[in-house]
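Shown next: structure.pdb, given as PDB, C-alpha atoms, pLDDT in the B column.
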ATOM      1  CA  PRO Y1046      96.205  81.902  74.673  1.00 47.00           C
ATOM      2  CA  GLU Y1047      95.023  78.504  75.759  1.00 54.00           C
ATOM      3  CA  LEU Y1048      96.913  78.508  79.089  1.00 53.00           C
ATOM      4  CA  ALA Y1049      96.261  82.142  80.043  1.00 60.00           C
ATOM      5  CA  TYR Y1050      95.131  82.810  83.609  1.00 65.00           C
ATOM      6  CA  ASP Y1051      94.911  85.663  86.087  1.00 70.00           C
ATOM      7  CA  THR Y1052      97.079  85.963  89.167  1.00 76.00           C
ATOM      8  CA  PHE Y1053      96.177  87.914  92.267  1.00 81.00           C
ATOM      9  CA  GLY Y1054      98.178  89.231  95.173  1.00 87.00           C
ATOM     10  CA  ALA Y1055      98.367  91.945  97.775  1.00 91.00           C
ATOM     11  CA  ALA Y1056     101.202  93.419  99.787  1.00 94.00           C
ATOM     12  CA  VAL Y1057     101.713  96.024 102.468  1.00 95.00           C
ATOM     13  CA  SER Y1058     105.050  97.458 103.580  1.00 96.00           C
ATOM     14  CA  GLU Y1059     106.435  99.776 106.221  1.00 96.00           C
ATOM     15  CA  VAL Y1060     109.688 101.644 105.644  1.00 96.00           C
ATOM     16  CA  GLU Y1061     111.968 103.806 107.744  1.00 96.00           C
ATOM     17  CA  LEU Y1062     113.444 106.888 106.077  1.00 94.00           C
ATOM     18  CA  ASP Y1063     116.638 108.609 107.209  1.00 93.00           C
ATOM     19  CA  VAL Y1064     116.201 112.263 106.205  1.00 92.00           C
ATOM     20  CA  LEU Y1065     119.932 112.987 106.631  1.00 91.00           C
ATOM     21  CA  SER Y1066     121.262 110.294 104.281  1.00 90.00           C
ATOM     22  CA  GLY Y1067     118.191 109.517 102.166  1.00 91.00           C
ATOM     23  CA  GLU Y1068     118.513 105.810 102.983  1.00 92.00           C
ATOM     24  CA  THR Y1069     115.459 103.645 103.496  1.00 94.00           C
ATOM     25  CA  LYS Y1070     115.058 100.440 105.457  1.00 95.00           C
ATOM     26  CA  THR Y1071     112.093  98.160 104.880  1.00 95.00           C
ATOM     27  CA  LEU Y1072     110.890  97.247 108.360  1.00 96.00           C
ATOM     28  CA  PHE Y1073     107.869  95.147 107.477  1.00 96.00           C
ATOM     29  CA  SER Y1074     106.376  93.515 104.400  1.00 95.00           C
ATOM     30  CA  HIS Y1075     103.375  91.219 104.292  1.00 95.00           C
ATOM     31  CA  VAL Y1076     102.866  89.560 100.928  1.00 93.00           C
ATOM     32  CA  MET Y1077      99.868  87.415  99.997  1.00 91.00           C
ATOM     33  CA  TYR Y1078      99.755  85.670  96.626  1.00 87.00           C
ATOM     34  CA  ASP Y1079      97.187  83.423  94.983  1.00 83.00           C
ATOM     35  CA  SER Y1080      99.219  80.594  93.500  1.00 79.00           C
ATOM     36  CA  GLY Y1081      96.249  78.299  93.077  1.00 76.00           C
ATOM     37  CA  VAL Y1082      96.599  74.717  94.257  1.00 76.00           C
ATOM     38  CA  SER Y1083     100.314  74.557  94.973  1.00 78.00           C
ATOM     39  CA  MET Y1084     102.183  71.379  94.123  1.00 78.00           C
ATOM     40  CA  ASN Y1085     104.985  72.364  96.511  1.00 83.00           C
ATOM     41  CA  PRO Y1086     104.190  75.321  98.823  1.00 84.00           C
ATOM     42  CA  ALA Y1087     107.802  75.673 100.050  1.00 88.00           C
ATOM     43  CA  VAL Y1088     109.066  76.138  96.497  1.00 88.00           C
ATOM     44  CA  ASP Y1089     106.245  78.582  95.650  1.00 87.00           C
ATOM     45  CA  ILE Y1090     106.890  80.703  98.752  1.00 89.00           C
ATOM     46  CA  GLY Y1091     110.620  80.758  97.963  1.00 90.00           C
ATOM     47  CA  GLN Y1092     109.850  81.819  94.401  1.00 90.00           C
ATOM     48  CA  PHE Y1093     107.596  84.693  95.301  1.00 87.00           C
ATOM     49  CA  GLU Y1094     109.834  85.857  98.154  1.00 91.00           C
ATOM     50  CA  GLY Y1095     112.667  85.986  95.620  1.00 92.00           C
ATOM     51  CA  ALA Y1096     110.507  87.826  93.089  1.00 91.00           C
ATOM     52  CA  TYR Y1097     109.476  90.326  95.766  1.00 93.00           C
ATOM     53  CA  MET Y1098     113.134  90.970  96.658  1.00 93.00           C
ATOM     54  CA  MET Y1099     114.039  91.353  92.985  1.00 92.00           C
ATOM     55  CA  GLY Y1100     111.244  93.914  92.648  1.00 93.00           C
ATOM     56  CA  LEU Y1101     112.400  95.641  95.838  1.00 93.00           C
ATOM     57  CA  GLY Y1102     115.778  96.108  94.174  1.00 92.00           C
ATOM     58  CA  HIS Y1103     114.127  97.635  91.109  1.00 91.00           C
ATOM     59  CA  MET Y1104     111.935  99.925  93.221  1.00 92.00           C
ATOM     60  CA  LEU Y1105     114.424 101.158  95.838  1.00 92.00           C
ATOM     61  CA  LEU Y1106     118.032 100.399  94.880  1.00 90.00           C
ATOM     62  CA  GLU Y1107     118.987  99.640  91.309  1.00 87.00           C
ATOM     63  CA  GLY Y1108     119.424 102.444  88.850  1.00 85.00           C
ATOM     64  CA  VAL Y1109     121.400 102.832  85.642  1.00 85.00           C
ATOM     65  CA  ASP Y1110     123.147 106.177  85.197  1.00 86.00           C
ATOM     66  CA  PHE Y1111     124.891 107.431  82.078  1.00 90.00           C
ATOM     67  CA  ASP Y1112     127.365 110.263  81.491  1.00 92.00           C
ATOM     68  CA  PRO Y1113     125.340 112.888  79.584  1.00 92.00           C
ATOM     69  CA  ALA Y1114     128.355 114.003  77.557  1.00 95.00           C
ATOM     70  CA  THR Y1115     129.777 110.632  76.471  1.00 94.00           C
ATOM     71  CA  GLY Y1116     126.884 108.226  77.053  1.00 93.00           C
ATOM     72  CA  LYS Y1117     129.163 105.925  79.058  1.00 93.00           C
ATOM     73  CA  CYS Y1118     127.429 103.792  81.669  1.00 91.00           C
ATOM     74  CA  LEU Y1119     128.449 105.040  85.121  1.00 89.00           C
ATOM     75  CA  THR Y1120     126.870 102.145  87.012  1.00 87.00           C
ATOM     76  CA  ASP Y1121     128.697  99.215  85.485  1.00 88.00           C
ATOM     77  CA  ASN Y1122     130.085  97.485  88.573  1.00 87.00           C
ATOM     78  CA  THR Y1123     129.082  96.388  92.065  1.00 83.00           C
ATOM     79  CA  TRP Y1124     130.354  99.616  93.651  1.00 85.00           C
ATOM     80  CA  THR Y1125     127.946 101.779  91.692  1.00 83.00           C
ATOM     81  CA  TYR Y1126     125.081  99.420  90.741  1.00 84.00           C
ATOM     82  CA  LYS Y1127     123.362  98.337  93.942  1.00 84.00           C
ATOM     83  CA  VAL Y1128     121.445  95.066  94.014  1.00 86.00           C
ATOM     84  CA  PRO Y1129     119.513  93.895  97.092  1.00 88.00           C
ATOM     85  CA  LEU Y1130     121.635  92.297  99.795  1.00 89.00           C
ATOM     86  CA  ALA Y1131     120.645  90.158 102.765  1.00 91.00           C
ATOM     87  CA  SER Y1132     120.492  93.362 104.819  1.00 91.00           C
ATOM     88  CA  ASP Y1133     117.794  94.705 102.458  1.00 92.00           C
ATOM     89  CA  VAL Y1134     115.343  91.892 103.260  1.00 93.00           C
ATOM     90  CA  PRO Y1135     112.511  93.348 105.364  1.00 94.00           C
ATOM     91  CA  GLN Y1136     113.150  92.862 109.075  1.00 94.00           C
ATOM     92  CA  ASN Y1137     109.711  91.285 109.420  1.00 95.00           C
ATOM     93  CA  PHE Y1138     108.856  89.500 106.167  1.00 94.00           C
ATOM     94  CA  VAL Y1139     105.585  87.556 106.042  1.00 93.00           C
ATOM     95  CA  ALA Y1140     104.779  85.617 102.881  1.00 91.00           C
ATOM     96  CA  GLU Y1141     101.534  83.707 102.509  1.00 89.00           C
ATOM     97  CA  ILE Y1142      99.998  81.550  99.823  1.00 85.00           C
ATOM     98  CA  VAL Y1143      96.296  82.154  99.344  1.00 82.00           C
ATOM     99  CA  ASP Y1144      94.204  79.723  97.326  1.00 73.00           C
ATOM    100  CA  MET Y1145      91.138  81.535  96.042  1.00 67.00           C
ATOM    101  CA  LYS Y1146      89.693  78.477  94.309  1.00 66.00           C
ATOM    102  CA  ALA Y1147      86.420  78.641  96.264  1.00 63.00           C
ATOM    103  CA  GLN Y1148      85.994  82.323  95.359  1.00 61.00           C
ATOM    104  CA  ARG Y1149      86.670  81.568  91.684  1.00 58.00           C
ATOM    105  CA  ILE Y1150      84.189  78.677  91.585  1.00 59.00           C
ATOM    106  CA  ASN Y1151      81.488  80.543  93.522  1.00 61.00           C
ATOM    107  CA  SER Y1152      81.883  83.816  91.636  1.00 62.00           C
ATOM    108  CA  PRO Y1153      78.800  85.254  89.908  1.00 63.00           C
ATOM    109  CA  VAL Y1154      80.581  85.082  86.556  1.00 60.00           C
ATOM    110  CA  PHE Y1155      81.410  81.412  86.957  1.00 60.00           C
ATOM    111  CA  SER Y1156      78.027  80.366  88.356  1.00 63.00           C
ATOM    112  CA  CYS Y1157      75.742  82.458  86.097  1.00 68.00           C
ATOM    113  CA  LEU Y1158      77.494  83.424  82.897  1.00 65.00           C
ATOM    114  CA  LEU Y1159      79.349  80.171  82.270  1.00 64.00           C
ATOM    115  CA  PRO Y1160      76.231  77.930  82.027  1.00 68.00           C
ATOM    116  CA  CYS Y1161      74.686  80.477  79.633  1.00 70.00           C
ATOM    117  CA  ILE Y1162      77.743  80.371  77.379  1.00 69.00           C
ATOM    118  CA  MET Y1163      77.810  76.577  77.492  1.00 69.00           C
ATOM    119  CA  GLY Y1164      74.084  76.459  76.589  1.00 70.00           C
ATOM    120  CA  CYS Y1165      74.547  78.830  73.656  1.00 70.00           C
ATOM    121  CA  LEU Y1166      77.451  76.805  72.302  1.00 70.00           C
ATOM    122  CA  SER Y1167      75.458  73.573  72.598  1.00 68.00           C
ATOM    123  CA  TRP Y1168      72.737  75.056  70.353  1.00 71.00           C
ATOM    124  CA  PHE Y1169      75.310  75.249  67.573  1.00 70.00           C
ATOM    125  CA  ASN Y1170      76.667  71.748  68.331  1.00 68.00           C
ATOM    126  CA  ILE Y1171      80.011  73.213  69.433  1.00 66.00           C
ATOM    127  CA  PRO Y1172      81.639  70.965  72.038  1.00 61.00           C
ATOM    128  CA  TRP Y1173      82.989  72.934  74.964  1.00 59.00           C
ATOM    129  CA  LYS Y1174      84.451  72.152  78.338  1.00 58.00           C
ATOM    130  CA  VAL Y1175      85.645  74.425  81.119  1.00 55.00           C
ATOM    131  CA  THR Y1176      89.355  73.853  80.510  1.00 54.00           C
ATOM    132  CA  LYS Y1177      91.643  71.856  78.275  1.00 54.00           C
ATOM    133  CA  THR Y1178      94.382  71.795  80.913  1.00 52.00           C
ATOM    134  CA  ASP Y1179      95.310  68.417  82.398  1.00 54.00           C
ATOM    135  CA  LYS Y1180      94.029  67.764  85.924  1.00 54.00           C
ATOM    136  CA  ALA Y1181      97.621  67.525  87.219  1.00 50.00           C
ATOM    137  CA  PHE Y1182      98.155  71.235  86.437  1.00 52.00           C
ATOM    138  CA  LYS Y1183      94.656  72.568  87.042  1.00 55.00           C
ATOM    139  CA  SER Y1184      94.614  75.654  89.254  1.00 61.00           C
ATOM    140  CA  GLY Y1185      98.410  75.749  89.680  1.00 66.00           C
ATOM    141  CA  LYS Y1186      99.812  79.210  88.865  1.00 70.00           C
ATOM    142  CA  SER Y1187     103.184  80.775  88.317  1.00 73.00           C
ATOM    143  CA  ALA Y1188     104.842  81.917  91.515  1.00 75.00           C
ATOM    144  CA  SER Y1189     107.948  83.516  90.060  1.00 75.00           C
ATOM    145  CA  GLU Y1190     107.532  86.749  88.082  1.00 80.00           C
ATOM    146  CA  PRO Y1191     104.010  88.026  88.956  1.00 82.00           C
ATOM    147  CA  PRO Y1192     104.782  88.728  92.658  1.00 84.00           C
ATOM    148  CA  LEU Y1193     107.564  91.089  91.539  1.00 88.00           C
ATOM    149  CA  LEU Y1194     104.878  93.760  91.119  1.00 89.00           C
ATOM    150  CA  LEU Y1195     103.908  93.447  94.787  1.00 92.00           C
ATOM    151  CA  SER Y1196     107.141  95.227  95.711  1.00 93.00           C
ATOM    152  CA  LEU Y1197     105.413  98.438  94.662  1.00 93.00           C
ATOM    153  CA  SER Y1198     104.089  98.440  98.241  1.00 94.00           C
ATOM    154  CA  ALA Y1199     107.595  99.347  99.481  1.00 95.00           C
ATOM    155  CA  HIS Y1200     107.866 102.106  96.871  1.00 94.00           C
ATOM    156  CA  ALA Y1201     104.459 103.470  97.929  1.00 94.00           C
ATOM    157  CA  ALA Y1202     105.506 103.328 101.602  1.00 95.00           C
ATOM    158  CA  THR Y1203     108.699 105.236 100.737  1.00 95.00           C
ATOM    159  CA  ARG Y1204     106.641 107.839  98.894  1.00 94.00           C
ATOM    160  CA  MET Y1205     104.390 108.287 101.929  1.00 94.00           C
ATOM    161  CA  ALA Y1206     107.450 108.549 104.228  1.00 94.00           C
ATOM    162  CA  VAL Y1207     108.912 111.304 102.014  1.00 94.00           C
ATOM    163  CA  ILE Y1208     105.586 113.175 102.051  1.00 93.00           C
ATOM    164  CA  ALA Y1209     105.398 112.847 105.857  1.00 93.00           C
ATOM    165  CA  ALA Y1210     108.982 114.103 106.263  1.00 92.00           C
ATOM    166  CA  ARG Y1211     108.421 117.066 103.913  1.00 89.00           C
ATOM    167  CA  ASP Y1212     104.976 117.808 105.362  1.00 88.00           C
ATOM    168  CA  LYS Y1213     103.792 118.619 101.855  1.00 88.00           C
ATOM    169  CA  PRO Y1214     102.992 116.623  98.702  1.00 88.00           C
ATOM    170  CA  LEU Y1215     105.521 115.760  96.039  1.00 88.00           C
ATOM    171  CA  GLU Y1216     105.512 117.625  92.750  1.00 84.00           C
ATOM    172  CA  ALA Y1217     103.465 115.697  90.186  1.00 79.00           C
ATOM    173  CA  HIS Y1218     102.526 113.372  93.093  1.00 76.00           C
ATOM    174  CA  SER Y1219     105.180 110.866  92.079  1.00 83.00           C
ATOM    175  CA  LEU Y1220     108.431 109.415  93.337  1.00 89.00           C
ATOM    176  CA  PRO Y1221     111.049 108.407  90.780  1.00 89.00           C
ATOM    177  CA  LEU Y1222     112.045 104.801  90.161  1.00 88.00           C
ATOM    178  CA  PRO Y1223     114.274 103.667  91.690  1.00 91.00           C
ATOM    179  CA  ALA Y1224     113.672 105.589  94.894  1.00 91.00           C
ATOM    180  CA  ASN Y1225     117.328 105.346  95.925  1.00 89.00           C
ATOM    181  CA  THR Y1226     119.378 107.873  97.885  1.00 88.00           C
ATOM    182  CA  VAL Y1227     120.270 109.790  94.698  1.00 87.00           C
ATOM    183  CA  ALA Y1228     116.566 110.358  94.015  1.00 89.00           C
ATOM    184  CA  LEU Y1229     115.538 110.970  97.633  1.00 91.00           C
ATOM    185  CA  LEU Y1230     118.208 113.421  98.844  1.00 91.00           C
ATOM    186  CA  PRO Y1231     117.042 116.389  96.727  1.00 90.00           C
ATOM    187  CA  LEU Y1232     113.452 115.782  97.867  1.00 90.00           C
ATOM    188  CA  LEU Y1233     114.558 115.808 101.526  1.00 90.00           C
ATOM    189  CA  GLU Y1234     116.746 118.945 101.255  1.00 88.00           C
ATOM    190  CA  GLU Y1235     114.442 121.155 103.328  1.00 83.00           C
ATOM    191  CA  CYS Y1236     113.784 118.411 105.921  1.00 82.00           C
ATOM    192  CA  ARG Y1237     117.342 118.264 107.222  1.00 76.00           C
ATOM    193  CA  PRO Y1238     118.019 119.878 110.607  1.00 75.00           C
ATOM    194  CA  GLY Y1239     119.435 123.382 110.247  1.00 71.00           C
ATOM    195  CA  VAL Y1240     118.059 123.908 106.724  1.00 66.00           C
ATOM    196  CA  LYS Y1241     115.350 126.520 106.337  1.00 61.00           C
TER     197      LYS Y1241
END

Could you quickly redo this structure as structure tokens?
Amino acid sequence: PELAYDTFGAAVSEVELDVLSGETKTLFSHVMYDSGVSMNPAVDIGQFEGAYMMGLGHMLLEGVDFDPATGKCLTDNTWTYKVPLASDVPQNFVAEIVDMKAQRINSPVFSCLLPCIMGCLSWFNIPWKVTKTDKAFKSGKSASEPPLLLSLSAHAATRMAVIAARDKPLEAHSLPLPANTVALLPLLEECRPGVK
């Protein structure tokens, strides 16, 4: 598509796991996201903090369960379907906008390959310019849905906490989604005090 672009981000999280109840608490999350040249950094940070929290809900809390016999949804209200609350926000939540414009402009692909492509196109009298996007929108990127994927850092931290508590790897090296108490309690069965 004409307006397609790549987004980049990185996140790291630290979680606390209660082996008795299977509950997790996200203690720390540091999220960095390349939103390009931001027109309003406060709005962009709010958007990707919200997307991160939405993803955190998908990764650690929300889960749809059905009755195997009837197919009826068992998680159809706020008592059984858990969405993130204010208490689920990481205790130390750092969100940063990173503009990687200099890295994009100075990349080997941009500085070497692009002039070659432009030269080849000029041989065939094909007009070409770097972008057709208006200057007002150039380098601005979406800050809403893409950062949702960065919440996988909390899921990975939960997986590592379960492995540390069990002192052995998980079967198939995976942790189910969502990694809520229903999924974690069976994995922590042998970690509870008094269980051999």

Report task. Could you check which of Y:Leu1062, Y:Leu1106, Y:Val1227, Y:Val1082 is closest to Y:Thr1203, using only C-alpha atoms? Result ->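 Once distances to Y:Thr1203 are computed over only C-alpha atoms, the minimum belongs to Y:Leu1062.
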
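Comparing the minimum interatomic distances between Y:Asp1051 and each of Y:Asp1121, Y:Asp1079, Y:Asp1110, Y:Glu1068, counting all atoms listed in the file, we find that Y:Asp1079 sits nearest.
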
Query raised in the report: Between atom CA of Y:Ala1202 and atom CA of Y:Ser1187, what is the distance, to one decimal in Å?
Result: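 Answer for the atom CA of Y:Ala1202 to atom CA of Y:Ser1187 separation: 26.3 Å.
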
Report task. Take the PyMOL selection byres ((chain Y and resi 1060) around 8), apply it to the structure above, and return the hits as a PyMOL selection string. Result -> chain Y and resi 1058-1059+1061-1062+1069-1073+1199+1202-1203+1206

Report summary line: Students should find that atom CA of Y:Ser1083 and atom CA of Y:Ser1189 are spaced 12.8 Å

Query raised in the report: If I put a ball of radius 12 Å at (113.9, 108.4, 101.0) in the file's coordinates, which residues poke into it when counting all atoms listed in the file, written as a count of residues only?
Result: 44

Tell me which residues the PyMOL selection byres ((chain Y and resi 1190) around 10) grabs here, as an mmCIF file with C-alpha atoms, in the coordinates of the input.
data_model
loop_
_atom_site.group_PDB
_atom_site.id
_atom_site.type_symbol
_atom_site.label_atom_id
_atom_site.label_comp_id
_atom_site.auth_asym_id
_atom_site.auth_seq_id
_atom_site.Cartn_x
_atom_site.Cartn_y
_atom_site.Cartn_z
ATOM 1 C CA GLN Y 1092 109.850 81.819 94.401
ATOM 2 C CA PHE Y 1093 107.596 84.693 95.301
ATOM 3 C CA GLY Y 1095 112.667 85.986 95.620
ATOM 4 C CA ALA Y 1096 110.507 87.826 93.089
ATOM 5 C CA TYR Y 1097 109.476 90.326 95.766
ATOM 6 C CA MET Y 1099 114.039 91.353 92.985
ATOM 7 C CA GLY Y 1100 111.244 93.914 92.648
ATOM 8 C CA SER Y 1187 103.184 80.775 88.317
ATOM 9 C CA ALA Y 1188 104.842 81.917 91.515
ATOM 10 C CA SER Y 1189 107.948 83.516 90.060
ATOM 11 C CA PRO Y 1191 104.010 88.026 88.956
ATOM 12 C CA PRO Y 1192 104.782 88.728 92.658
ATOM 13 C CA LEU Y 1193 107.564 91.089 91.539
ATOM 14 C CA LEU Y 1194 104.878 93.760 91.119
#

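You can rank Y:Val1134, Y:Ile1142, Y:Leu1101, Y:Ala1055 by their closest distance to Y:Asn1085 using all atoms listed in the file, and at the top of that list sits Y:Ile1142.
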
Report task. Can you work out which one of Y:Gln1136, Y:Glu1107, Y:Ser1196, Y:Met1098 has the shortest atom-to-atom distance to Y:Asn1122, counting only C-alpha atoms? Result ->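 That would be Y:Glu1107, the residue with the smallest distance to Y:Asn1122.
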
Report task. Extract, using all atoms listed in the file, all DNA, RNA and protein residues at most 9 Å from Y:His1075, discarding same-chain residues fewer than 4 positions from it, and format them as number ranges by chain. Result -> Y: 1055-1058, 1137-1141

**Report entry** Between atom CA of Y:Gly1108 and atom CA of Y:Thr1123, distance in Å (one decimal)
**Finding:** 11.8 Å

Around stretch 1227-1237 of chain Y, with edges along x, y and z and 5 Å added on all six sides, what centre and edge lengths do you get, in Å to one decimal, as JSON?
{"center_x": 116.9, "center_y": 115.5, "center_z": 100.6, "size_x": 16.8, "size_y": 21.4, "size_z": 23.2}

Query raised in the report: For the point (121.5, 96.2, 94.5) in file coordinates, what residues are within 7 Å, counting only C-alpha atoms? Give the answer as number ranges by chain?
Result: Y: 1102, 1106-1107, 1126-1130
